[in-house]
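**Student:** Take a look at the following structure, please.
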Amino acid sequence: MVAIAAVLFISSCVNHSSNSDKSVFSYNESSGIITLDPAFSRDQAHTWVCNQLYNSLVKLDDSLNVIPSIAKTWKISTDGLKYTFNIRSDVYFHDNECFSEGTRKVVAKDFVYSFNRLLNPKVASPGAWVLSNVKKTENQFAIKSLNDSTLVIELDKPFPPFLGILSMKYCSVIPHEAISYYGSDFRKHPVGTGPFKLQNWIENIKLVLRKNPAYFETKDGIRLPYLDGVSISFLIDKMTAFMEFVKGEFDFISGIVPSYKDELLTRSGQLKQKFSSKFNMIEGPYLNTEYLAIYVDNSKRGNTELPLMNVNVRKAINYGFNRKKMIHYLKNGIGTPGNKGVIPAGMPAYNSDAIYGYEYNPEKSKQLLLDAGYNTTNPVPEITLTTTPDYLDLCKFVQSQLKDVGIKIVIQVSPAATVRELKAHGKLEFFRASWIADYPDEENYLSMFYSQNLAPNGPNYTHLVDDRIDELYLKSFNIVEKNQRISNYRIIDSLIMEEAPVAILYYDQAIRFTQKNIIGMTINPINILNLETVRKTPKH
């Protein structure tokens with residue numbers, strides 16, 4: 001009876017908010033939500049909701065520039081080791097019974113507490129790594145408050161991406177009173193500083209947020225957010241959620257899935273005419289590179305029974321399939337053909353003219369195989385490509401095209417967990433993979449090819465070892481000036497692609513669909529959901 005009453009209560013709130021004097025933004029989260037603690041915001045579902053509840057020192061704009069949030073200004077020492085933040089004096093935590101006076105102003109000590117909690121092994125946050133470069137002496141981390149408005153963080157070595165990392169939801173500020181009061185139940189009693197605060201949550205059924213009237217951000221003199229609330233549903237089936245969106249029950253959907261992509265989009269990626277008057281489509285680069293990875297073992301170079309050890313064979317694979325055609329027919333035009341490096345479109349260092357890459361050129365592919373010593377009497381040995389079921393169509397396309405240039409591919413389909421385990425231990429010679437940026441810096445992608453990051457102890461699943469790449473990769477940490485660092489990143493990316501340990505399939509694209517009465521929705525390369533400046537107007 002309690003659960004039924006709670007559901008009715010939430011429904012009444014949502015229905016009331018849909019009246020002309022209220023505006024509630026509704027969307028579906030098929031993946032579900034299990035916690036509202038930002039220390040566990042490890043995936044998109046949890047990051048999205050935590051972005052409405054919490055703030056960090058800094059945030060990212062839609063172009064991935066680091067801009068102020070709770071920190072008004074900051075200063076980085078010339079050696080790149082000391083970060084000093086000036087904290088705003090007008091930021092308050094959500095009103096909550098954990099405070100004796102209802103609420104409390106945020107001060108620098110709150111960040112000291114929040115960051116030390118994130119680093120505490122007993123908390124076991126999957127985001128503890130974001131502060132791994134913070135200096136530690138005598139069992140204490142170098143995170144200090146000089147006064148209420150000044151926070152100082154010291155690193156043990158220069159790491160230019162650090163400022164961008166601090167924008168992640170893991171680094172949100174929370175009050176110690178809430179943790180003391182709620183303990184492990186903080187996951188369902190969040191207390192943050194964000195534009196919305198929790199109204200009610202019936203797990204797996206509905207989560208409702210309401211406007212924070214004391215939110216510190218303004219636009220054109222108006223206090224944000226514009227919306228009165230946010231309603232999140234948890235339909236597991238994405239096709240069902242899509243049909244609810246079509247009926248107008250949800251205000252937006254994100255991404256495109258095979259079950260409805262042909263219903264919604266033309267082959268060239270345009271919104272079909274029957275929907276163009278009902279919905280808006282917003283698209284932009286997404287920091288996700290999809291690729292085929294090749295296990296490169298230096299000790300086996302030159303072994304003719306292992307064709308992938310030969311760089312000419314790896315280059316032949318890269319030249320041997322038409323990425324533009326693949327995107328057009330299999331992705332409905334959603335995505336950018338992967339004709340360049342591992343750094344995706346949407347990153348400042350992505351530059352089609354500066355980075356060594358591969359256009360479709362089957363004749364060049366055939367010549368490279370001849371250069372590698374393979375011909376009609378000595379064909380390339382059969383190569384096994386391992387993939388998960390979701391990407392079987394892409395792999396079959398590559399298989400078909402490579403067959404035409406003289407490379408026979410056998411596809412092995414395995415569960416995602418099996419692929420993760422086998423690639424981590426170097427048991428796959430050729431496999432489909434992807435890399436979604438954890439933070440908005442190109443270093444995130446280049447770290448996959450640093451020799452000290454060999455899997456299973458790091459993200460170098462190809463086991464590429466190249467002294468030139470290592471030297472330039474380490475050099476980038478000491479380059480403070482952004483444009484110089486970007487130039488260095490482009491050189492590294494070109495060197496990686498010349499060695500061809502990967503064949504880039506495509507750079508992903510973020511895509512959103514909204515009802516026509518949703519105003520101010522934007523998109524960004526990390527696909528974060530920002531609702532503080534979104535408006536919902538009455539339907540006509």
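Convention: chains lettered A, B, ... in structure tokens order; per-chain residue numbering from 1; ligands numbered from 1 as shown.
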Using 7 Å as the limit and counting only C-alpha atoms, can you tabulate each residue of segment 253-360 of chain A that touches segment 485-500 of chain A, with its shortest atom-to-atom distance in Å and the two atoms involved, as CSV?

**Tutor:**
residue,atom,partner,partner_atom,distance
A:Val311,CA,A:Glu499,CA,6.2
A:Arg314,CA,A:Ala500,CA,5.7
A:Lys315,CA,A:Ala500,CA,6.0
A:Gly341,CA,A:Asp493,CA,5.7
A:Val342,CA,A:Asp493,CA,6.6
A:Ala349,CA,A:Ile486,CA,5.3
A:Ala354,CA,A:Arg490,CA,6.9
A:Ile355,CA,A:Ser494,CA,5.0
A:Tyr356,CA,A:Ser494,CA,4.7
A:Gly357,CA,A:Met497,CA,6.4

**Student:** Can you list, as a PDB file with C-alpha atoms, in the first residue's frame, all residues belonging to segment 154-388 of chain A that DSSP tags as strand (DSSP E)?

**Tutor:**
ATOM      1  CA  GLU A 154      48.901  19.870  -5.382  1.00  0.00           C
ATOM      2  CA  PHE A 196      17.258  20.512  -9.116  1.00  0.00           C
ATOM      3  CA  LYS A 197      16.793  18.549  -5.907  1.00  0.00           C
ATOM      4  CA  LEU A 198      15.132  15.228  -5.199  1.00  0.00           C
ATOM      5  CA  GLN A 199      11.373  15.269  -4.662  1.00  0.00           C
ATOM      6  CA  ASN A 200      10.647  11.553  -4.683  1.00  0.00           C
ATOM      7  CA  TRP A 201      12.041   8.291  -6.014  1.00  0.00           C
ATOM      8  CA  ILE A 202      10.315   4.939  -6.281  1.00  0.00           C
ATOM      9  CA  LYS A 206       9.707   6.925 -11.310  1.00  0.00           C
ATOM     10  CA  LEU A 207      12.190   9.550 -10.113  1.00  0.00           C
ATOM     11  CA  VAL A 208      11.062  13.164  -9.761  1.00  0.00           C
ATOM     12  CA  LEU A 209      13.272  16.208  -9.225  1.00  0.00           C
ATOM     13  CA  ARG A 210      12.004  19.676  -8.447  1.00  0.00           C
ATOM     14  CA  LYS A 211      13.492  23.095  -9.066  1.00  0.00           C
ATOM     15  CA  THR A 218      21.636  33.007 -13.584  1.00  0.00           C
ATOM     16  CA  LYS A 219      21.192  33.913 -17.241  1.00  0.00           C
ATOM     17  CA  ILE A 222      17.074  35.396 -14.399  1.00  0.00           C
ATOM     18  CA  ARG A 223      17.792  32.706 -11.829  1.00  0.00           C
ATOM     19  CA  GLY A 229      11.014  19.834 -12.446  1.00  0.00           C
ATOM     20  CA  VAL A 230      12.351  16.696 -14.104  1.00  0.00           C
ATOM     21  CA  SER A 231      10.567  13.345 -14.314  1.00  0.00           C
ATOM     22  CA  ILE A 232      12.524  10.164 -15.134  1.00  0.00           C
ATOM     23  CA  SER A 233      10.846   6.880 -16.093  1.00  0.00           C
ATOM     24  CA  PHE A 252      13.286  13.762 -25.512  1.00  0.00           C
ATOM     25  CA  ILE A 253      15.187  10.635 -26.462  1.00  0.00           C
ATOM     26  CA  SER A 254      18.901  10.270 -26.990  1.00  0.00           C
ATOM     27  CA  PHE A 279      10.274  16.672 -33.448  1.00  0.00           C
ATOM     28  CA  ASN A 280      13.568  18.546 -33.459  1.00  0.00           C
ATOM     29  CA  MET A 281      16.782  16.638 -34.194  1.00  0.00           C
ATOM     30  CA  ILE A 282      20.044  17.852 -32.676  1.00  0.00           C
ATOM     31  CA  GLU A 283      23.342  16.210 -33.603  1.00  0.00           C
ATOM     32  CA  GLY A 284      27.043  16.719 -33.022  1.00  0.00           C
ATOM     33  CA  PRO A 285      30.344  14.901 -32.457  1.00  0.00           C
ATOM     34  CA  TYR A 286      30.549  12.393 -29.617  1.00  0.00           C
ATOM     35  CA  LEU A 287      33.860  11.473 -27.991  1.00  0.00           C
ATOM     36  CA  ASN A 288      33.684   7.816 -28.945  1.00  0.00           C
ATOM     37  CA  THR A 289      36.047   6.164 -31.425  1.00  0.00           C
ATOM     38  CA  GLU A 290      34.928   2.786 -32.776  1.00  0.00           C
ATOM     39  CA  TYR A 291      37.712   0.657 -34.240  1.00  0.00           C
ATOM     40  CA  LEU A 292      39.149  -2.748 -35.038  1.00  0.00           C
ATOM     41  CA  ALA A 293      42.151  -3.469 -32.838  1.00  0.00           C
ATOM     42  CA  ILE A 294      45.152  -5.588 -33.814  1.00  0.00           C
ATOM     43  CA  THR A 336      31.964  10.387 -39.142  1.00  0.00           C
ATOM     44  CA  PRO A 337      33.986   7.897 -41.245  1.00  0.00           C
ATOM     45  CA  ILE A 383      42.556 -13.946 -39.873  1.00  0.00           C
ATOM     46  CA  THR A 384      39.961 -14.242 -37.071  1.00  0.00           C
ATOM     47  CA  LEU A 385      38.017 -11.121 -36.134  1.00  0.00           C
ATOM     48  CA  THR A 386      36.225 -11.278 -32.773  1.00  0.00           C
ATOM     49  CA  THR A 387      33.190  -9.137 -32.055  1.00  0.00           C
TER      50      THR A 387
END

**Student:** Nearest to Trp74 of chain A: which of A:Ala503, A:Ala433, A:Leu146, A:Ile87 is it, counting only C-alpha atoms?

**Tutor:**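 Among A:Ala503, A:Ala433, A:Leu146, A:Ile87, it is A:Ile87 that comes nearest to Trp74 of chain A.
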
**Student:** For segment 75-84 of chain A, list every protein, DNA or RNA residue within 7 Å, evaluated using only C-alpha atoms, and leave out those in the same chain fewer than 6 positions away; present the list as a list in words.

**Tutor:** Thr150, Leu151, Val152, Ile153, Glu154, Leu155, Asp156, Lys157 and Pro158 of chain A

**Student:** Within 9 Å of Lys278 of chain A, counting only C-alpha atoms, which residues qualify if same-chain residues fewer than 6 places away don't, as a list in words?

**Tutor:**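 Result of the neighbour search: Val246, Thr514, Gln515 and Lys516 of chain A.
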
**Student:** List as a tab-separated table (two decimals) with C-alpha atoms, in the first residue's frame the protein and nucleic acid residues near segment 235-237 of chain A, meaning an atom at most 12 Å away when only C-alpha atoms are counted, but skip any in the same chain fewer than 6 places from it.

**Tutor:**
chain	number	residue	atom	x	y	z
A	27	TYR	CA	12.60	11.36	-20.22
A	28	ASN	CA	13.17	7.64	-19.98
A	29	GLU	CA	16.24	5.90	-18.57
A	30	SER	CA	16.22	2.31	-19.85
A	31	SER	CA	19.44	1.43	-18.03
A	32	GLY	CA	17.93	2.23	-14.64
A	33	ILE	CA	19.39	4.17	-11.72
A	203	GLU	CA	13.10	2.74	-7.61
A	204	ASN	CA	12.52	1.19	-11.04
A	205	ILE	CA	9.27	3.15	-11.40
A	206	LYS	CA	9.71	6.92	-11.31
A	243	MET	CA	6.62	4.85	-28.96
A	244	GLU	CA	5.91	6.81	-25.78
A	245	PHE	CA	8.05	9.63	-27.15
A	250	PHE	CA	8.50	11.91	-23.13
A	257	VAL	CA	19.02	2.03	-31.96
A	259	SER	CA	14.82	-1.23	-33.64
A	260	TYR	CA	13.64	2.22	-34.70

**Student:** Calculated over only C-alpha atoms, which of the candidates A:Lys366, A:Lys272, A:Arg432, A:Arg42 has the smallest distance to Tyr295 of chain A?

**Tutor:**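 For Tyr295 of chain A, the nearest of the given residues is A:Arg432.
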
**Student:** Among the residues of segment 252-304 of chain A, find those DSSP assigns to alpha helix (DSSP H) from the backbone and print them as a ChimeraX atom specification.

**Tutor:** /A:258-264,273-276
